[in-house]
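Okay, model_0.pdb is below, PDB, C-alpha atoms:
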ATOM      1  CA  MET A   1      14.375 -19.266 -33.901
ATOM      2  CA  ALA A   2      17.159 -17.935 -31.694
ATOM      3  CA  LEU A   3      17.709 -15.086 -34.133
ATOM      4  CA  ILE A   4      14.035 -14.082 -33.921
ATOM      5  CA  ASN A   5      14.174 -14.131 -30.104
ATOM      6  CA  ARG A   6      17.291 -11.971 -30.107
ATOM      7  CA  ILE A   7      15.756  -9.477 -32.524
ATOM      8  CA  SER A   8      12.531  -9.275 -30.489
ATOM      9  CA  ARG A   9      14.578  -8.660 -27.316
ATOM     10  CA  LEU A  10      16.479  -5.938 -29.118
ATOM     11  CA  PHE A  11      13.244  -4.210 -30.175
ATOM     12  CA  LYS A  12      11.829  -4.521 -26.646
ATOM     13  CA  ALA A  13      14.999  -3.062 -25.158
ATOM     14  CA  ASP A  14      14.945  -0.161 -27.618
ATOM     15  CA  PHE A  15      11.260   0.444 -26.920
ATOM     16  CA  HIS A  16      11.874   0.462 -23.159
ATOM     17  CA  ALA A  17      14.785   2.872 -23.616
ATOM     18  CA  VAL A  18      12.522   5.232 -25.568
ATOM     19  CA  LEU A  19       9.884   5.029 -22.822
ATOM     20  CA  ASP A  20      12.527   5.731 -20.181
ATOM     21  CA  ARG A  21      13.500   8.891 -22.039
ATOM     22  CA  ILE A  22       9.889  10.027 -22.381
ATOM     23  CA  GLU A  23       8.930   9.451 -18.746
ATOM     24  CA  GLU A  24       9.673  12.147 -16.244
ATOM     25  CA  PRO A  25      10.858  10.611 -12.966
ATOM     26  CA  GLU A  26       9.613  13.496 -10.845
ATOM     27  CA  GLN A  27       6.116  13.230 -12.316
ATOM     28  CA  LEU A  28       6.070   9.462 -11.821
ATOM     29  CA  LEU A  29       7.196   9.855  -8.227
ATOM     30  CA  ARG A  30       4.499  12.445  -7.503
ATOM     31  CA  GLN A  31       1.878  10.189  -9.105
ATOM     32  CA  ALA A  32       3.030   7.241  -6.988
ATOM     33  CA  ILE A  33       2.744   9.395  -3.869
ATOM     34  CA  ARG A  34      -0.782  10.493  -4.846
ATOM     35  CA  GLU A  35      -1.817   6.889  -5.438
ATOM     36  CA  MET A  36      -0.398   5.821  -2.076
ATOM     37  CA  GLU A  37      -2.210   8.683  -0.343
ATOM     38  CA  ASP A  38      -5.480   7.649  -2.006
ATOM     39  CA  GLU A  39      -4.932   4.045  -0.966
ATOM     40  CA  LEU A  40      -4.205   5.114   2.612
ATOM     41  CA  ALA A  41      -7.359   7.238   2.692
ATOM     42  CA  ALA A  42      -9.398   4.274   1.459
ATOM     43  CA  SER A  43      -7.804   2.048   4.111
ATOM     44  CA  GLU A  44      -8.562   4.582   6.832
ATOM     45  CA  GLN A  45     -12.176   4.750   5.646
ATOM     46  CA  ALA A  46     -12.444   0.937   5.709
ATOM     47  CA  ILE A  47     -11.043   0.896   9.247
ATOM     48  CA  LYS A  48     -13.541   3.531  10.385
ATOM     49  CA  LEU A  49     -16.388   1.553   8.835
ATOM     50  CA  CYS A  50     -15.191  -1.648  10.488
ATOM     51  CA  ALA A  51     -14.849   0.103  13.864
ATOM     52  CA  HIS A  52     -18.404   1.434  13.512
ATOM     53  CA  GLU A  53     -19.626  -2.069  12.689
ATOM     54  CA  GLN A  54     -17.797  -3.287  15.784
ATOM     55  CA  GLN A  55     -19.672  -0.781  17.930
ATOM     56  CA  LEU A  56     -22.968  -1.915  16.422
ATOM     57  CA  LEU A  57     -22.100  -5.540  17.190
ATOM     58  CA  GLN A  58     -21.321  -4.665  20.801
ATOM     59  CA  SER A  59     -24.552  -2.750  21.290
ATOM     60  CA  ARG A  60     -26.518  -5.616  19.692
ATOM     61  CA  LYS A  61     -24.806  -8.070  22.053
ATOM     62  CA  ILE A  62     -25.841  -5.941  25.033
ATOM     63  CA  GLU A  63     -29.444  -5.927  23.785
ATOM     64  CA  LEU A  64     -29.403  -9.708  23.410
ATOM     65  CA  GLY A  65     -27.927 -10.126  26.893
ATOM     66  CA  ASP A  66     -30.768  -8.026  28.307
ATOM     67  CA  LYS A  67     -33.255 -10.103  26.312
ATOM     68  CA  LEU A  68     -31.796 -13.325  27.738
ATOM     69  CA  ALA A  69     -32.186 -11.935  31.264
ATOM     70  CA  GLU A  70     -35.852 -11.146  30.482
ATOM     71  CA  PHE A  71     -36.379 -14.686  29.184
ATOM     72  CA  GLU A  72     -34.942 -16.074  32.440
ATOM     73  CA  GLN A  73     -37.386 -14.026  34.511
ATOM     74  CA  GLU A  74     -40.312 -14.995  32.281
ATOM     75  CA  LEU A  75     -39.302 -18.658  32.434
ATOM     76  CA  ASP A  76     -39.207 -18.501  36.233
ATOM     77  CA  LEU A  77     -42.729 -17.069  36.150
ATOM     78  CA  CYS A  78     -43.963 -19.739  33.683
ATOM     79  CA  PHE A  79     -42.574 -22.603  35.761
ATOM     80  CA  ALA A  80     -43.963 -21.088  38.953
ATOM     81  CA  SER A  81     -47.394 -20.856  37.262
ATOM     82  CA  LYS A  82     -47.024 -24.326  35.694
ATOM     83  CA  LYS A  83     -47.485 -22.990  32.157
ATOM     84  CA  ASP A  84     -45.384 -25.568  30.295
ATOM     85  CA  GLU A  85     -46.520 -24.623  26.774
ATOM     86  CA  LEU A  86     -45.697 -20.995  27.368
ATOM     87  CA  ALA A  87     -42.320 -22.034  28.828
ATOM     88  CA  ARG A  88     -41.526 -24.089  25.701
ATOM     89  CA  GLY A  89     -42.114 -21.048  23.491
ATOM     90  CA  LEU A  90     -39.837 -18.941  25.682
ATOM     91  CA  ILE A  91     -37.184 -21.650  25.666
ATOM     92  CA  ARG A  92     -37.289 -21.636  21.836
ATOM     93  CA  LYS A  93     -36.762 -17.859  21.834
ATOM     94  CA  LYS A  94     -34.004 -18.179  24.429
ATOM     95  CA  LEU A  95     -32.150 -20.812  22.384
ATOM     96  CA  GLU A  96     -32.464 -18.730  19.202
ATOM     97  CA  THR A  97     -31.171 -15.681  21.067
ATOM     98  CA  GLN A  98     -28.244 -17.661  22.495
ATOM     99  CA  ARG A  99     -27.315 -18.891  19.016
ATOM    100  CA  LEU A 100     -27.520 -15.356  17.645
ATOM    101  CA  LEU A 101     -25.374 -14.116  20.524
ATOM    102  CA  LYS A 102     -22.827 -16.860  19.795
ATOM    103  CA  ARG A 103     -22.760 -15.799  16.139
ATOM    104  CA  LEU A 104     -22.309 -12.145  17.104
ATOM    105  CA  ASN A 105     -19.408 -13.098  19.386
ATOM    106  CA  ALA A 106     -17.723 -14.949  16.506
ATOM    107  CA  ASP A 107     -18.315 -11.956  14.206
ATOM    108  CA  GLU A 108     -16.874  -9.624  16.826
ATOM    109  CA  GLN A 109     -13.739 -11.734  17.185
ATOM    110  CA  ALA A 110     -13.262 -11.884  13.425
ATOM    111  CA  ASN A 111     -13.829  -8.136  13.235
ATOM    112  CA  ASP A 112     -11.268  -7.531  16.002
ATOM    113  CA  LYS A 113      -8.692  -9.604  14.132
ATOM    114  CA  PHE A 114      -9.427  -7.816  10.853
ATOM    115  CA  LEU A 115      -9.186  -4.403  12.540
ATOM    116  CA  ALA A 116      -5.833  -5.264  14.114
ATOM    117  CA  GLU A 117      -4.457  -6.462  10.766
ATOM    118  CA  GLN A 118      -5.764  -3.416   8.921
ATOM    119  CA  ARG A 119      -4.360  -0.996  11.499
ATOM    120  CA  ALA A 120      -0.955  -2.701  11.341
ATOM    121  CA  GLN A 121      -1.035  -2.556   7.526
ATOM    122  CA  LEU A 122      -2.077   1.109   7.671
ATOM    123  CA  ASP A 123       0.823   1.927   9.987
ATOM    124  CA  GLU A 124       3.234   0.097   7.697
ATOM    125  CA  ASN A 125       1.882   1.837   4.589
ATOM    126  CA  SER A 126       1.977   5.220   6.323
ATOM    127  CA  ALA A 127       5.636   4.683   7.174
ATOM    128  CA  ALA A 128       6.364   3.675   3.567
ATOM    129  CA  LEU A 129       4.553   6.751   2.286
ATOM    130  CA  GLU A 130       6.481   9.014   4.638
ATOM    131  CA  SER A 131       9.739   7.459   3.467
ATOM    132  CA  LEU A 132       8.726   7.954  -0.159
ATOM    133  CA  LYS A 133       7.826  11.586   0.517
ATOM    134  CA  GLN A 134      11.230  12.168   2.098
ATOM    135  CA  LYS A 135      12.952  10.602  -0.888
ATOM    136  CA  ALA A 136      10.841  12.753  -3.207
ATOM    137  CA  GLU A 137      11.923  15.876  -1.298
ATOM    138  CA  ILE A 138      15.549  14.875  -1.641
ATOM    139  CA  PHE A 139      15.027  14.166  -5.333
ATOM    140  CA  ALA A 140      13.335  17.534  -5.854
ATOM    141  CA  LYS A 141      16.109  19.398  -4.011
ATOM    142  CA  ARG A 142      18.923  17.848  -6.029
ATOM    143  CA  SER A 143      20.751  20.104  -8.429
ATOM    144  CA  PRO A 144      19.917  19.858 -12.123
ATOM    145  CA  ARG A 145      23.217  18.075 -12.737
ATOM    146  CA  ASP A 146      22.325  15.440 -10.138
ATOM    147  CA  SER A 147      18.792  14.873 -11.391
ATOM    148  CA  ARG A 148      19.736  13.979 -14.956
ATOM    149  CA  SER A 149      18.062  10.992 -16.492
ATOM    150  CA  ALA A 150      20.112   8.202 -18.017
ATOM    151  CA  TYR A 151      19.619   9.869 -21.382
ATOM    152  CA  GLY A 152      20.803  13.229 -19.985
ATOM    153  CA  ASP A 153      23.842  11.538 -18.453
ATOM    154  CA  ALA A 154      24.747  10.058 -21.828
ATOM    155  CA  GLN A 155      24.449  13.444 -23.528
ATOM    156  CA  TRP A 156      26.531  15.162 -20.839
ATOM    157  CA  LEU A 157      29.123  12.419 -21.012
ATOM    158  CA  ALA A 158      29.294  12.669 -24.790
ATOM    159  CA  GLN A 159      29.832  16.448 -24.550
ATOM    160  CA  GLU A 160      32.545  16.016 -21.933
ATOM    161  CA  LEU A 161      34.365  13.406 -24.007
ATOM    162  CA  VAL A 162      34.403  15.388 -27.230
ATOM    163  CA  VAL A 163      37.992  16.418 -27.970
ATOM    164  CA  SER A 164      38.663  19.291 -30.342
ATOM    165  CA  ASP A 165      41.223  19.194 -33.133
ATOM    166  CA  SER A 166      43.354  21.852 -31.447
ATOM    167  CA  GLU A 167      43.493  19.783 -28.234
ATOM    168  CA  ILE A 168      44.668  16.827 -30.305
ATOM    169  CA  GLU A 169      47.413  18.899 -31.931
ATOM    170  CA  VAL A 170      48.691  20.268 -28.608
ATOM    171  CA  ALA A 171      48.709  16.796 -27.040
ATOM    172  CA  PHE A 172      50.473  15.418 -30.135
ATOM    173  CA  LEU A 173      53.233  18.025 -29.864
ATOM    174  CA  ARG A 174      53.695  17.284 -26.151
ATOM    175  CA  GLU A 175      53.965  13.559 -26.792
ATOM    176  CA  GLN A 176      56.386  14.201 -29.648
ATOM    177  CA  ASN A 177      58.607  16.345 -27.397
ATOM    178  CA  VAL A 178      58.586  13.729 -24.650
ATOM    179  CA  ARG A 179      59.656  11.036 -27.120
ATOM    180  CA  ARG A 180      62.467  13.186 -28.593
ATOM    181  CA  ALA A 181      63.829  14.030 -25.177
ATOM    182  CA  SER A 182      64.183  10.368 -24.204
TER     183      SER A 182
END

As C-alpha cells, what does this structure read like?
Amino acid sequence: MALINRISRLFKADFHAVLDRIEEPEQLLRQAIREMEDELAASEQAIKLCAHEQQLLQSRKIELGDKLAEFEQELDLCFASKKDELARGLIRKKLETQRLLKRLNADEQANDKFLAEQRAQLDENSAALESLKQKAEIFAKRSPRDSRSAYGDAQWLAQELVVSDSEIEVAFLREQNVRRAS
C-alpha cells in the first residue's frame, strides 16, 4: 500500500511539474489582476445598490413620520368630536405604521453595518489589487534572465555546468603540474 501511495505521489509531482512548465506566469498574473478588477467592480456596484436602498429607506421613514403626525392630528379631532369608532381605526393604522417604522429602522441599521463592512472590504481589496499591479509591473520590467521559470533556470544551469573535453584536459595538466612541483 505504501508503494502505491509513493508511486501516485510521484505521478502527481511529475504532472504538477509539467503544468508548471506549460503555464506562463505573466499570463496568470494578468488574469488574476483582471479577476480582481472584476470582483472590485462587482463590489462597487453592490455598494452603490445598497447605498441607493439606504436612501429609499430614509425617504420611506420620512413619509411614515409625516403619516404618524397626520394620525395624531386626526386622533385629536376624533377625540374632540367623541368619535370613538373612528379613533379606533386610526389607532390601528397608527400602530401598524409605528411597527413598520420600527422595522425600517432595524433595516436601516443593518444596511449601515453592511455598507461599512463592504466599504472596508473594498478598501482592503483595492489596496491588495494595487499591490499586485505594482508587483506585476516589477515582474514585467525584469530582464529575461531574471524572469526565467524554474524549468528555464534548470536549462540555464545545465548549460552553465557543461564542461568541455578541452577544459578537462587543461585543468588536468594544471593539476598534474601542481602535484609534480610539490

Next on the checklist: When the PyMOL selection byres ((chain A and resi 26-35) around 10) is applied to the structure above, which residues does it catch, written out as a list in words?
Outcome noted: Glu23, Glu24, Pro25, Met36, Glu37, Asp38, Glu39, Leu40, Ala41, Leu129, Glu130, Leu132, Lys133, Lys135, Ala136, Phe139, Ala140 and Ser147 of chain A

Next on the checklist: Quick one: residues within 12 Å of Ile62 (chain A), all atoms listed in the file, excluding same-chain residues fewer than 5 positions away - as a ChimeraX atom specification?
Outcome noted: /A:55-57,67-69,97,101,104-105

Checklist entry - Residues picked by the PyMOL selection byres ((chain A and resi 88-96) around 8) here, as a list in words? => result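 Output from the PyMOL selection byres ((chain A and resi 88-96) around 8), applied to this file: Leu68, Phe71, Glu74, Leu75, Asp84, Glu85, Leu86, Ala87, Thr97, Gln98, Arg99 and Leu100 of chain A.
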
Next on the checklist: To one decimal place in Å, what is the distance between CA of Asn125 (chain A) and CA of Lys48 (chain A)?
Outcome noted: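 Taking CA of Asn125 (chain A) and CA of Lys48 (chain A), their separation equals 16.6 Å.
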
Checklist entry - Between CA of His52 (chain A) and CA of Ala127 (chain A), what is the distance, to one decimal in Å? => result 25.1 Å

Checklist entry - How many Å lie between CA of Cys50 (chain A) and CA of Asp112 (chain A), rounded to one decimal? => result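 Going from CA of Cys50 (chain A) over to CA of Asp112 (chain A), I get 9.0 Å.
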
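In terms of minimum interatomic distance to Gln58 (chain A), A:Ala106 ranks closest within A:Ala181, A:Ala42, A:Ala106, A:Ala2, counting all atoms listed in the file.
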